[in-house]
>>> print(open('target20.txt').read())   # compact mmCIF, C-alpha atoms
# COMPACT_ATOMS: atom_id res chain seq x y z
CA MET M 469 -23.36 -4.27 21.94
CA GLN M 470 -21.46 -1.09 22.70
CA GLY M 471 -17.92 -0.65 21.44
CA PHE M 472 -15.27 2.03 21.75
CA LEU M 473 -12.31 3.32 19.79
CA THR M 474 -9.79 4.90 22.17
CA LEU M 475 -6.89 6.91 20.72
CA GLU M 476 -3.53 7.31 22.45
CA LYS M 477 -4.19 11.01 23.12
CA GLY M 478 -7.26 10.02 25.11
CA GLN M 479 -10.08 10.72 22.63
CA VAL M 480 -12.88 8.14 22.84
CA PHE M 481 -15.43 7.38 20.09
CA GLU M 482 -18.44 5.20 20.82
CA GLY M 483 -20.31 2.98 18.38
CA LYS M 484 -22.00 -0.37 17.89
CA ALA M 485 -19.62 -3.33 18.09
CA SER M 486 -19.57 -6.22 15.63
CA ASN M 487 -20.35 -9.85 16.43
CA SER M 488 -16.69 -10.85 16.18
CA TRP M 489 -15.70 -8.91 19.30
CA GLU M 490 -13.60 -11.06 21.61
CA ALA M 491 -10.74 -9.06 23.15
CA PRO M 492 -9.31 -5.54 22.79
CA ILE M 493 -7.62 -4.99 19.43
CA GLU M 494 -4.77 -2.50 19.12
CA GLY M 495 -3.28 -0.99 15.98
CA GLU M 496 -2.29 2.20 14.24
CA VAL M 497 -5.42 4.18 13.40
CA VAL M 498 -5.51 5.57 9.85
CA PHE M 499 -8.23 6.96 7.62
CA TYR M 500 -9.22 6.18 4.03
CA THR M 501 -11.01 8.86 1.98
CA GLY M 502 -12.27 6.89 -1.03
CA MET M 503 -15.98 6.47 -1.73
CA THR M 504 -15.39 2.95 -3.07
CA GLY M 505 -12.71 0.28 -2.83
CA TYR M 506 -13.32 -0.92 0.71
CA GLN M 507 -12.72 -4.58 -0.25
CA GLU M 508 -9.36 -3.75 -1.78
CA VAL M 509 -8.43 -1.68 1.28
CA LEU M 510 -9.38 -4.38 3.78
CA THR M 511 -7.32 -7.00 1.92
CA ASP M 512 -4.33 -4.81 0.98
CA PRO M 513 -1.20 -6.06 2.83
CA SER M 514 -0.07 -2.43 3.11
CA TYR M 515 -2.79 -2.02 5.77
CA ARG M 516 -1.42 -4.93 7.78
CA GLY M 517 -2.16 -4.47 11.46
CA GLN M 518 -3.93 -1.11 11.09
CA ILE M 519 -7.38 0.02 12.21
CA VAL M 520 -8.93 1.70 9.17
CA VAL M 521 -11.44 4.52 9.53
CA PHE M 522 -13.62 4.99 6.43
CA THR M 523 -14.53 8.64 5.99
CA TYR M 524 -17.33 8.09 3.46
CA PRO M 525 -20.56 7.72 5.47
CA LEU M 526 -21.96 4.61 3.74
CA ILE M 527 -19.72 1.57 3.30
CA GLY M 528 -20.61 -1.89 2.00
CA ASN M 529 -23.52 -1.10 -0.32
CA TYR M 530 -22.15 -3.16 -3.22
CA GLY M 531 -21.05 -6.07 -1.06
CA ILE M 532 -18.07 -8.41 -1.33
CA ASN M 533 -17.15 -10.42 -4.44
CA GLU M 534 -14.43 -12.86 -5.50
CA ALA M 535 -12.62 -10.56 -7.92
CA ASP M 536 -11.63 -7.50 -5.91
CA SER M 537 -9.51 -8.85 -3.03
CA GLU M 538 -5.83 -7.92 -2.92
CA SER M 539 -4.96 -10.98 -0.81
CA VAL M 540 -6.73 -14.12 0.36
CA GLN M 541 -8.03 -12.57 3.57
CA PRO M 542 -8.42 -9.23 5.37
CA GLN M 543 -5.16 -7.66 6.49
CA VAL M 544 -6.52 -4.92 8.74
CA SER M 545 -6.81 -5.33 12.50
CA GLY M 546 -10.18 -3.58 12.55
CA ALA M 547 -12.50 -1.16 10.80
CA VAL M 548 -14.53 1.87 11.85
CA MET M 549 -17.54 3.11 9.86
CA PHE M 550 -20.48 5.46 10.22
CA GLN M 551 -22.88 3.10 8.44
CA CYS M 552 -22.29 -0.41 7.10
CA SER M 553 -24.96 -1.55 4.67
CA ASP M 554 -27.06 -4.60 5.61
CA SER M 555 -28.01 -5.20 1.96
CA VAL M 556 -26.01 -5.35 -1.26
CA SER M 557 -26.83 -4.08 -4.74
CA HIS M 558 -24.12 -5.44 -7.06
CA TYR M 559 -24.79 -8.47 -9.25
CA GLN M 560 -21.39 -10.00 -8.40
CA ALA M 561 -21.84 -9.67 -4.64
CA GLU M 562 -21.53 -12.93 -2.70
CA MET M 563 -22.01 -11.62 0.83
CA THR M 564 -22.42 -8.43 2.81
CA LEU M 565 -19.45 -6.57 4.20
CA LYS M 566 -20.61 -7.34 7.74
CA ASP M 567 -20.77 -11.07 6.99
CA TYR M 568 -17.32 -10.95 5.41
CA LEU M 569 -15.71 -9.21 8.39
CA ASN M 570 -17.45 -11.54 10.84
CA LYS M 571 -16.34 -14.55 8.80
CA TRP M 572 -12.71 -13.55 9.29
CA ASN M 573 -13.20 -12.33 12.89
CA VAL M 574 -12.25 -8.77 12.04
CA PRO M 575 -13.78 -6.46 14.67
CA PHE M 576 -15.55 -3.31 13.49
CA LEU M 577 -17.50 -0.40 14.84
CA THR M 578 -20.49 1.28 13.20
CA GLY M 579 -22.39 4.40 14.15
CA VAL M 580 -19.16 6.31 14.70
CA ASP M 581 -18.69 9.89 13.52
CA THR M 582 -15.74 8.91 11.35
CA ARG M 583 -15.09 12.46 10.19
CA GLU M 584 -14.52 13.50 13.79
CA VAL M 585 -12.06 10.63 14.14
CA THR M 586 -10.36 11.81 10.96
CA LYS M 587 -10.11 15.37 12.28
CA ALA M 588 -8.48 14.03 15.43
CA ILE M 589 -5.91 12.09 13.37
CA ARG M 590 -5.22 15.08 11.13
CA THR M 591 -4.67 17.22 14.22
CA GLU M 592 -2.58 14.81 16.28
CA GLY M 593 -1.12 12.65 13.50
CA SER M 594 -1.44 8.90 12.97
CA CYS M 595 -1.65 7.24 16.34
CA GLN M 596 -2.22 3.98 18.16
CA GLY M 597 -5.77 3.07 19.07
CA VAL M 598 -7.75 0.27 20.71
CA LEU M 599 -11.07 -1.26 19.70
CA ALA M 600 -12.81 -2.79 22.73
CA ASN M 601 -16.13 -3.09 24.50
CA LYS M 602 -14.86 -0.57 27.05
CA THR M 603 -12.38 2.28 26.98
CA VAL M 604 -8.89 0.80 26.93
CA LYS M 605 -5.82 3.02 26.63
CA PRO M 606 -3.35 1.96 23.91
CA SER M 607 0.06 0.72 24.99
CA ASP M 608 3.27 2.62 24.30
CA THR M 609 4.43 -0.11 21.92
CA LYS M 610 4.43 0.95 18.26
CA SER M 611 3.93 -1.48 15.41
CA ALA M 612 7.14 -2.61 13.72
CA GLY M 613 8.40 -5.21 11.29
CA GLN M 614 5.12 -5.58 9.39
CA ILE M 615 6.87 -6.48 6.13
CA PHE M 616 8.12 -9.68 7.77
CA GLN M 617 4.51 -10.58 8.56
CA ALA M 618 2.99 -9.53 5.23
CA HIS M 619 5.31 -11.22 2.73
CA ASP M 620 5.16 -14.88 1.67
CA PRO M 621 8.44 -16.67 2.50
CA LYS M 622 8.11 -18.98 -0.52
CA ILE M 623 9.21 -18.33 -4.11
CA LYS M 624 6.28 -18.80 -6.51
CA LYS M 625 5.84 -18.67 -10.28
CA TYR M 626 2.87 -17.42 -12.29
CA GLY M 627 2.16 -17.25 -16.04
CA THR M 628 3.99 -18.58 -19.08
CA GLY M 629 5.00 -15.48 -21.06
CA ASN M 630 8.27 -14.98 -22.91
CA LYS M 631 9.31 -12.03 -20.74
CA ARG M 632 10.28 -12.79 -17.15
CA VAL M 633 9.73 -10.43 -14.24
CA ALA M 634 10.86 -10.87 -10.65
CA LEU M 635 8.28 -9.41 -8.28
CA ILE M 636 9.95 -8.65 -4.95
CA ASP M 637 7.41 -9.26 -2.24
CA PHE M 638 7.19 -6.89 0.72
CA GLY M 639 3.45 -7.61 0.97
CA PHE M 640 2.33 -7.24 -2.65
CA LYS M 641 -1.17 -6.51 -3.90
CA THR M 642 -2.70 -9.14 -6.18
CA SER M 643 -3.60 -6.43 -8.69
CA ILE M 644 0.10 -5.77 -9.35
CA LEU M 645 0.60 -9.44 -10.21
CA ASP M 646 -2.59 -9.47 -12.30
CA LYS M 647 -1.48 -6.42 -14.27
CA LEU M 648 1.82 -8.08 -15.18
CA LEU M 649 0.11 -11.34 -16.13
CA GLU M 650 -2.28 -9.41 -18.40
CA GLU M 651 0.80 -8.37 -20.37
CA ASP M 652 1.68 -12.04 -21.01
CA ILE M 653 4.62 -11.94 -18.62
CA GLN M 654 5.98 -14.84 -16.60
CA VAL M 655 6.17 -13.59 -13.01
CA THR M 656 8.27 -15.12 -10.26
CA VAL M 657 7.51 -13.77 -6.79
CA PHE M 658 10.53 -13.58 -4.50
CA PRO M 659 10.27 -12.73 -0.80
CA PHE M 660 12.51 -9.72 -0.21
CA THR M 661 14.49 -11.85 2.25
CA LYS M 662 15.60 -14.03 -0.69
CA ILE M 663 16.27 -11.27 -3.21
CA HIS M 664 19.76 -12.62 -3.85
CA GLU M 665 18.15 -15.55 -5.66
CA VAL M 666 16.82 -13.22 -8.36
CA HIS M 667 20.15 -13.53 -10.18
CA LYS M 668 19.46 -17.23 -10.81
CA LEU M 669 16.36 -16.23 -12.81
CA GLN M 670 18.15 -13.58 -14.90
CA PRO M 671 14.84 -11.70 -15.32
CA ASP M 672 14.02 -9.11 -17.97
CA GLY M 673 12.83 -6.79 -15.23
CA VAL M 674 12.25 -6.43 -11.50
CA VAL M 675 9.30 -4.91 -9.62
CA LEU M 676 9.65 -3.99 -5.95
CA SER M 677 6.18 -4.21 -4.45
CA ASN M 678 4.19 -2.23 -1.97
CA GLY M 679 4.12 -3.30 1.66
CA PRO M 680 3.24 -2.17 5.18
CA GLY M 681 5.12 -0.13 7.72
CA ASP M 682 8.57 1.40 7.78
CA PRO M 683 10.76 0.85 4.68
CA LYS M 684 13.83 0.92 6.93
CA ASP M 685 12.79 -2.52 8.21
CA ALA M 686 14.39 -3.75 4.97
CA SER M 687 17.75 -2.08 5.78
CA PRO M 688 19.70 -5.35 6.27
CA TYR M 689 18.88 -6.31 2.68
CA LEU M 690 19.71 -2.98 0.99
CA PRO M 691 23.12 -4.06 -0.40
CA GLU M 692 21.54 -7.11 -2.07
CA ILE M 693 18.62 -5.00 -3.30
CA LYS M 694 20.98 -2.43 -4.83
CA ALA M 695 22.94 -5.17 -6.59
CA VAL M 696 19.71 -6.34 -8.24
CA LEU M 697 18.64 -2.80 -9.15
CA GLU M 698 21.93 -2.05 -10.86
CA LYS M 699 21.67 -5.15 -13.04
CA TYR M 700 18.03 -5.27 -14.21
CA PRO M 701 15.40 -2.75 -15.36
CA SER M 702 13.44 -1.99 -12.19
CA LEU M 703 10.19 -0.44 -11.04
CA GLY M 704 9.44 0.40 -7.40
CA ILE M 705 5.84 0.82 -6.25
CA CYS M 706 4.91 2.51 -2.94
CA LEU M 707 7.13 0.92 -0.28
CA GLY M 708 9.24 -0.45 -3.15
CA HIS M 709 9.85 3.15 -4.24
CA GLN M 710 11.01 4.04 -0.73
CA VAL M 711 13.29 1.01 -0.52
CA ILE M 712 14.95 1.93 -3.82
CA ALA M 713 15.62 5.42 -2.45
CA LEU M 714 17.18 3.92 0.68
CA ALA M 715 19.30 1.55 -1.40
CA PHE M 716 20.87 4.51 -3.21
CA GLY M 717 21.60 6.44 -0.03
CA ALA M 718 18.53 8.64 0.42
CA ASP M 719 16.45 8.80 3.59
CA THR M 720 12.76 8.35 4.42
CA LYS M 721 10.51 9.96 7.01
CA LYS M 722 7.04 9.44 8.42
CA LEU M 723 4.18 11.71 7.39
CA ALA M 724 1.85 13.17 9.99
CA PHE M 725 -1.12 11.13 8.82
CA GLY M 726 -0.13 9.53 5.52
CA HIS M 727 -1.73 9.52 2.08
CA ARG M 728 -4.66 7.13 1.67
CA GLY M 729 -7.38 7.38 -0.92
CA ALA M 730 -8.07 7.38 -4.64
CA ASN M 731 -7.84 11.05 -5.53
CA HIS M 732 -4.30 12.22 -4.76
CA PRO M 733 -2.99 14.63 -7.46
CA VAL M 734 0.56 14.01 -8.70
CA LYS M 735 2.57 16.20 -11.06
CA ASP M 736 4.95 14.84 -13.69
CA LEU M 737 7.92 17.25 -13.52
CA GLN M 738 9.00 16.52 -17.09
CA SER M 739 5.68 16.95 -18.89
CA GLY M 740 3.99 19.26 -16.41
CA GLN M 741 0.89 17.07 -16.44
CA VAL M 742 -1.13 16.40 -13.30
CA PHE M 743 -2.89 13.08 -12.84
CA LEU M 744 -4.94 11.49 -10.05
CA THR M 745 -3.58 8.50 -8.18
CA SER M 746 -4.47 5.84 -5.64
CA GLN M 747 -2.22 5.89 -2.58
CA ASN M 748 -1.68 4.16 0.75
CA HIS M 749 1.45 4.98 2.73
CA ASN M 750 2.71 6.54 5.95
CA TYR M 751 6.30 7.14 4.87
CA VAL M 752 7.86 9.25 2.12
CA VAL M 753 11.31 9.86 0.69
CA ASN M 754 12.95 12.89 2.30
CA ARG M 755 13.45 15.23 -0.65
CA ASP M 756 16.51 16.95 0.86
CA SER M 757 18.26 13.60 1.29
CA LEU M 758 18.26 13.03 -2.49
CA ALA M 759 20.90 15.74 -2.98
CA GLY M 760 23.71 13.32 -2.21
CA THR M 761 22.44 10.54 -4.47
CA VAL M 762 22.24 9.89 -8.21
CA LEU M 763 18.45 9.67 -8.12
CA GLU M 764 16.29 12.42 -9.59
CA THR M 765 12.75 13.40 -8.61
CA CYS M 766 10.29 12.91 -11.48
CA PHE M 767 6.91 13.13 -9.70
CA ILE M 768 5.72 15.29 -6.79
CA ASN M 769 2.51 15.45 -4.77
CA VAL M 770 0.54 18.56 -5.69
CA ASN M 771 -0.97 18.92 -2.21
CA ASP M 772 2.15 18.82 -0.05
CA GLY M 773 5.10 18.74 -2.46
CA SER M 774 6.32 15.34 -1.25
CA VAL M 775 8.32 13.05 -3.52
CA GLU M 776 6.07 10.78 -5.61
CA GLY M 777 8.59 9.21 -7.97
CA LEU M 778 12.26 8.87 -8.81
CA LEU M 779 14.41 7.90 -11.76
CA HIS M 780 18.03 7.01 -12.27
CA PRO M 781 19.80 9.23 -14.84
CA SER M 782 21.70 6.40 -16.54
CA LYS M 783 20.04 3.13 -15.53
CA PRO M 784 16.51 1.85 -16.27
CA ILE M 785 15.15 2.46 -12.77
CA LEU M 786 11.82 4.18 -12.17
CA THR M 787 9.74 4.48 -9.00
CA ALA M 788 6.22 5.56 -8.04
CA GLN M 789 4.97 6.36 -4.56
CA PHE M 790 1.42 5.86 -5.86
CA HIS M 791 -0.23 2.71 -7.22
CA PRO M 792 -0.15 2.67 -11.05
CA GLU M 793 -2.15 -0.58 -11.13
CA ALA M 794 -5.05 1.53 -9.77
CA ASN M 795 -6.98 -0.88 -7.55
CA PRO M 796 -8.94 0.87 -6.19
CA GLY M 797 -8.75 4.20 -7.92
CA PRO M 798 -8.32 6.09 -11.19
CA GLU M 799 -6.39 4.61 -14.12
CA ASP M 800 -4.51 7.82 -14.94
CA ALA M 801 -1.14 6.36 -13.93
CA GLN M 802 -1.23 2.97 -15.66
CA TRP M 803 1.20 4.36 -18.22
CA VAL M 804 3.92 3.93 -15.56
CA ILE M 805 3.53 0.16 -15.93
CA GLU M 806 3.77 0.58 -19.70
CA GLU M 807 6.93 2.64 -19.23
CA PHE M 808 8.44 -0.19 -17.21
CA LEU M 809 7.57 -2.72 -19.92
CA SER M 810 9.24 -0.43 -22.45
CA MET M 811 12.31 -0.32 -20.22
CA MET M 812 12.49 -4.10 -20.30
CA SER M 813 12.41 -4.11 -24.11
CA SER M 814 15.22 -1.54 -24.33
CA ALA M 815 18.89 -2.31 -23.94
CA LYS M 816 19.89 -2.70 -20.32
CA GLY M 817 21.60 0.43 -19.07
CA ALA M 818 19.69 2.76 -21.40
CA LYS M 819 18.35 6.00 -19.96
CA VAL M 820 14.76 5.58 -18.82
CA TYR M 821 11.76 7.87 -19.13
CA VAL M 822 12.76 10.35 -21.84
>>> encode(input="target20.txt", output="structure tokens")
Amino acid sequence: MQGFLTLEKGQVFEGKASNSWEAPIEGEVVFYTGMTGYQEVLTDPSYRGQIVVFTYPLIGNYGINEADSESVQPQVSGAVMFQCSDSVSHYQAEMTLKDYLNKWNVPFLTGVDTREVTKAIRTEGSCQGVLANKTVKPSDTKSAGQIFQAHDPKIKKYGTGNKRVALIDFGFKTSILDKLLEEDIQVTVFPFTKIHEVHKLQPDGVVLSNGPGDPKDASPYLPEIKAVLEKYPSLGICLGHQVIALAFGADTKKLAFGHRGANHPVKDLQSGQVFLTSQNHNYVVNRDSLAGTVLETCFINVNDGSVEGLLHPSKPILTAQFHPEANPGPEDAQWVIEEFLSMMSSAKGAKVYV
């Protein structure tokens, strides 16, 4: 069956539609540059409501397994690929990518020149698009409030370690939780809408998670978030990094087409080292807006100079725009998690990252 991806600027890309096609699906169209990690991408809450275009020409060759999902089900609205493998080669594979997407009724297109789609997005910027069995122009309505859809409204506890961490859920990836549990830490997940309840736990540290969409959607909760940050050692990851910046008076802005992939170079301004990172975000902290805050830039993106991390000069607060838990992607930045654990072991209020 024929299918079409229609972008808001009018470009139309034709391909073969999946079996799960029922009605037109609209979402923000973004591209992912990694050669691997499609299962993590499809299940990452940060992609909530988006149509993901995979630039690598062959997707799905190692199948879908139980271990690599970042949530219990796909979060994307749709997927666009050049070729989706009908067979799998990995010993842990339980089903093909096509079967997985059809199981969850996630529409997808194959046979599309995804690099042409990517060029269109890079030229025009991230845009709305529609997947349908005919050309359907996207509406003028932009996605908003995704963090309210992606987070779990319930408080949940995991692990039995001696150290206690509050994970603030804006739509967190399972790999962040798994990384903390590997360190024998007791983790309590709080929806960001109930962050005031963190004080009842009196945690040893706080992690603000990744999440989808605009960090300013969390603006009503910034005073409560800042109160938590000023009391406990804290780490912000991706959207959590942006929210911390907003809480201390900085501003955020939307990138033309975001950073998504597993090979983004980041420079540590203190050591001068460059390391590769996994990223997925549309928004960044406006570097000029930091001038009126206490926060200091500690990491920058080598490609475009954007802010990749912040620290507080006198409180144990550290942020990373990238994903130090590295799923999918390189493990170069896992030391950021170790730095956070060290912060928790130090006296509260001590200077971080020296």
>>> closest_residue(input="target20.txt", among="M:Phe576, M:Tyr515, M:Tyr506, M:Phe658", to="Gly528 (chain M)", atoms="only C-alpha atoms")
M:Tyr506
>>> atom_distance(input="target20.txt", atom1="CA of Ala713 (chain M)", atom2="CA of Asn769 (chain M)")
16.7 Å
>>> closest_residue(input="target20.txt", among="M:Gly760, M:Gly726, M:Pro792, M:Gly495", to="Leu744 (chain M)", atoms="all atoms listed in the file")
M:Pro792
>>> residues_around(input="target20.txt", residues="Ser545 (chain M)", least_positions_apart="2", cutoff="6 Å", atoms="only C-alpha atoms", output="PyMOL selection string")
chain M and resi 517-519
>>> closest_residue(input="target20.txt", among="M:Ile785, M:Phe725, M:Gly639, M:Ala485", to="Lys699 (chain M)", atoms="all atoms listed in the file")
M:Ile785
>>> atom_distance(input="target20.txt", atom1="CA of Pro525 (chain M)", atom2="CA of Leu723 (chain M)")
25.1 Å
>>> residues_around(input="target20.txt", residues="Glu592 (chain M)", least_positions_apart="2", cutoff="9 Å", atoms="only C-alpha atoms", output="PDB file with C-alpha atoms, in the frame of the given file")
ATOM      1  CA  LYS M 477      -4.190  11.010  23.120  1.00  0.00           C
ATOM      2  CA  LYS M 587     -10.110  15.370  12.280  1.00  0.00           C
ATOM      3  CA  ALA M 588      -8.480  14.030  15.430  1.00  0.00           C
ATOM      4  CA  ILE M 589      -5.910  12.090  13.370  1.00  0.00           C
ATOM      5  CA  ARG M 590      -5.220  15.080  11.130  1.00  0.00           C
ATOM      6  CA  SER M 594      -1.440   8.900  12.970  1.00  0.00           C
ATOM      7  CA  CYS M 595      -1.650   7.240  16.340  1.00  0.00           C
ATOM      8  CA  ALA M 724       1.850  13.170   9.990  1.00  0.00           C
ATOM      9  CA  PHE M 725      -1.120  11.130   8.820  1.00  0.00           C
TER      10      PHE M 725
END
>>> residues_around(input="target20.txt", residues="Val753 (chain M)", least_positions_apart="3", cutoff="10 Å", atoms="all atoms listed in the file", output="PyMOL selection string")
chain M and resi 683+707+709-714+718-723+756-758+774-778+789
>>> write_last_selection(input="target20.txt", atoms="C-alpha atoms", output="PDB file, keeping the file's coordinate frame")
ATOM      1  CA  PRO M 683      10.760   0.850   4.680  1.00  0.00           C
ATOM      2  CA  LEU M 707       7.130   0.920  -0.280  1.00  0.00           C
ATOM      3  CA  HIS M 709       9.850   3.150  -4.240  1.00  0.00           C
ATOM      4  CA  GLN M 710      11.010   4.040  -0.730  1.00  0.00           C
ATOM      5  CA  VAL M 711      13.290   1.010  -0.520  1.00  0.00           C
ATOM      6  CA  ILE M 712      14.950   1.930  -3.820  1.00  0.00           C
ATOM      7  CA  ALA M 713      15.620   5.420  -2.450  1.00  0.00           C
ATOM      8  CA  LEU M 714      17.180   3.920   0.680  1.00  0.00           C
ATOM      9  CA  ALA M 718      18.530   8.640   0.420  1.00  0.00           C
ATOM     10  CA  ASP M 719      16.450   8.800   3.590  1.00  0.00           C
ATOM     11  CA  THR M 720      12.760   8.350   4.420  1.00  0.00           C
ATOM     12  CA  LYS M 721      10.510   9.960   7.010  1.00  0.00           C
ATOM     13  CA  LYS M 722       7.040   9.440   8.420  1.00  0.00           C
ATOM     14  CA  LEU M 723       4.180  11.710   7.390  1.00  0.00           C
ATOM     15  CA  ASP M 756      16.510  16.950   0.860  1.00  0.00           C
ATOM     16  CA  SER M 757      18.260  13.600   1.290  1.00  0.00           C
ATOM     17  CA  LEU M 758      18.260  13.030  -2.490  1.00  0.00           C
ATOM     18  CA  SER M 774       6.320  15.340  -1.250  1.00  0.00           C
ATOM     19  CA  VAL M 775       8.320  13.050  -3.520  1.00  0.00           C
ATOM     20  CA  GLU M 776       6.070  10.780  -5.610  1.00  0.00           C
ATOM     21  CA  GLY M 777       8.590   9.210  -7.970  1.00  0.00           C
ATOM     22  CA  LEU M 778      12.260   8.870  -8.810  1.00  0.00           C
ATOM     23  CA  GLN M 789       4.970   6.360  -4.560  1.00  0.00           C
TER      24      GLN M 789
END
>>> residues_around(input="target20.txt", residues="Val604 (chain M)", least_positions_apart="5", cutoff="12 Å", atoms="only C-alpha atoms", output="number ranges by chain")
M: 471-481, 491-494, 596-599
>>> residues_around(input="target20.txt", residues="Ile768 (chain M)", least_positions_apart="4", cutoff="12 Å", atoms="all atoms listed in the file", output="tab-separated table (two decimals) with C-alpha atoms, in the frame of the given file")
chain	number	residue	atom	x	y	z
M	732	HIS	CA	-4.30	12.22	-4.76
M	733	PRO	CA	-2.99	14.63	-7.46
M	734	VAL	CA	0.56	14.01	-8.70
M	735	LYS	CA	2.57	16.20	-11.06
M	736	ASP	CA	4.95	14.84	-13.69
M	737	LEU	CA	7.92	17.25	-13.52
M	738	GLN	CA	9.00	16.52	-17.09
M	740	GLY	CA	3.99	19.26	-16.41
M	741	GLN	CA	0.89	17.07	-16.44
M	742	VAL	CA	-1.13	16.40	-13.30
M	743	PHE	CA	-2.89	13.08	-12.84
M	744	LEU	CA	-4.94	11.49	-10.05
M	745	THR	CA	-3.58	8.50	-8.18
M	752	VAL	CA	7.86	9.25	2.12
M	753	VAL	CA	11.31	9.86	0.69
M	754	ASN	CA	12.95	12.89	2.30
M	755	ARG	CA	13.45	15.23	-0.65
M	764	GLU	CA	16.29	12.42	-9.59
M	772	ASP	CA	2.15	18.82	-0.05
M	773	GLY	CA	5.10	18.74	-2.46
M	774	SER	CA	6.32	15.34	-1.25
M	775	VAL	CA	8.32	13.05	-3.52
M	776	GLU	CA	6.07	10.78	-5.61
M	777	GLY	CA	8.59	9.21	-7.97
M	778	LEU	CA	12.26	8.87	-8.81
M	787	THR	CA	9.74	4.48	-9.00
M	788	ALA	CA	6.22	5.56	-8.04
M	789	GLN	CA	4.97	6.36	-4.56
M	790	PHE	CA	1.42	5.86	-5.86
>>> atom_distance(input="target20.txt", atom1="CA of Val762 (chain M)", atom2="CA of Val655 (chain M)")
28.9 Å
>>> closest_residue(input="target20.txt", among="M:Asn795, M:Leu779, M:Trp489, M:Glu806", to="Thr504 (chain M)", atoms="all atoms listed in the file")
M:Asn795
>>> closest_residue(input="target20.txt", among="M:Gly717, M:Leu648, M:Asn771, M:Asp620", to="Gln802 (chain M)", atoms="all atoms listed in the file")
M:Leu648
>>> build_atoms(input="target20.txt", residues="region 555-566 of chain M", atoms="N, CA and C atoms", output="compact mmCIF listing (two decimals), keeping the file's coordinate frame")
# COMPACT_ATOMS: atom_id res chain seq x y z
N SER M 555 -27.62 -4.60 3.24
CA SER M 555 -28.01 -5.20 1.96
C SER M 555 -27.00 -4.82 0.90
N VAL M 556 -26.97 -5.60 -0.18
CA VAL M 556 -26.01 -5.35 -1.26
C VAL M 556 -26.76 -5.17 -2.58
N SER M 557 -26.14 -4.42 -3.51
CA SER M 557 -26.83 -4.08 -4.74
C SER M 557 -26.10 -4.53 -6.00
N HIS M 558 -24.89 -5.09 -5.87
CA HIS M 558 -24.12 -5.44 -7.06
C HIS M 558 -24.38 -6.89 -7.47
N TYR M 559 -24.45 -7.13 -8.77
CA TYR M 559 -24.79 -8.47 -9.25
C TYR M 559 -23.71 -9.50 -8.95
N GLN M 560 -22.47 -9.06 -8.71
CA GLN M 560 -21.39 -10.00 -8.40
C GLN M 560 -21.24 -10.26 -6.90
N ALA M 561 -22.00 -9.55 -6.09
CA ALA M 561 -21.84 -9.67 -4.64
C ALA M 561 -22.17 -11.08 -4.16
N GLU M 562 -21.33 -11.60 -3.27
CA GLU M 562 -21.53 -12.93 -2.70
C GLU M 562 -21.93 -12.88 -1.23
N MET M 563 -21.62 -11.78 -0.57
CA MET M 563 -22.01 -11.62 0.83
C MET M 563 -21.94 -10.15 1.20
N THR M 564 -22.50 -9.81 2.33
CA THR M 564 -22.42 -8.43 2.81
C THR M 564 -21.05 -8.19 3.43
N LEU M 565 -20.71 -6.93 3.56
CA LEU M 565 -19.45 -6.57 4.20
C LEU M 565 -19.43 -7.03 5.65
N LYS M 566 -20.54 -6.89 6.35
CA LYS M 566 -20.61 -7.34 7.74
C LYS M 566 -20.34 -8.85 7.85
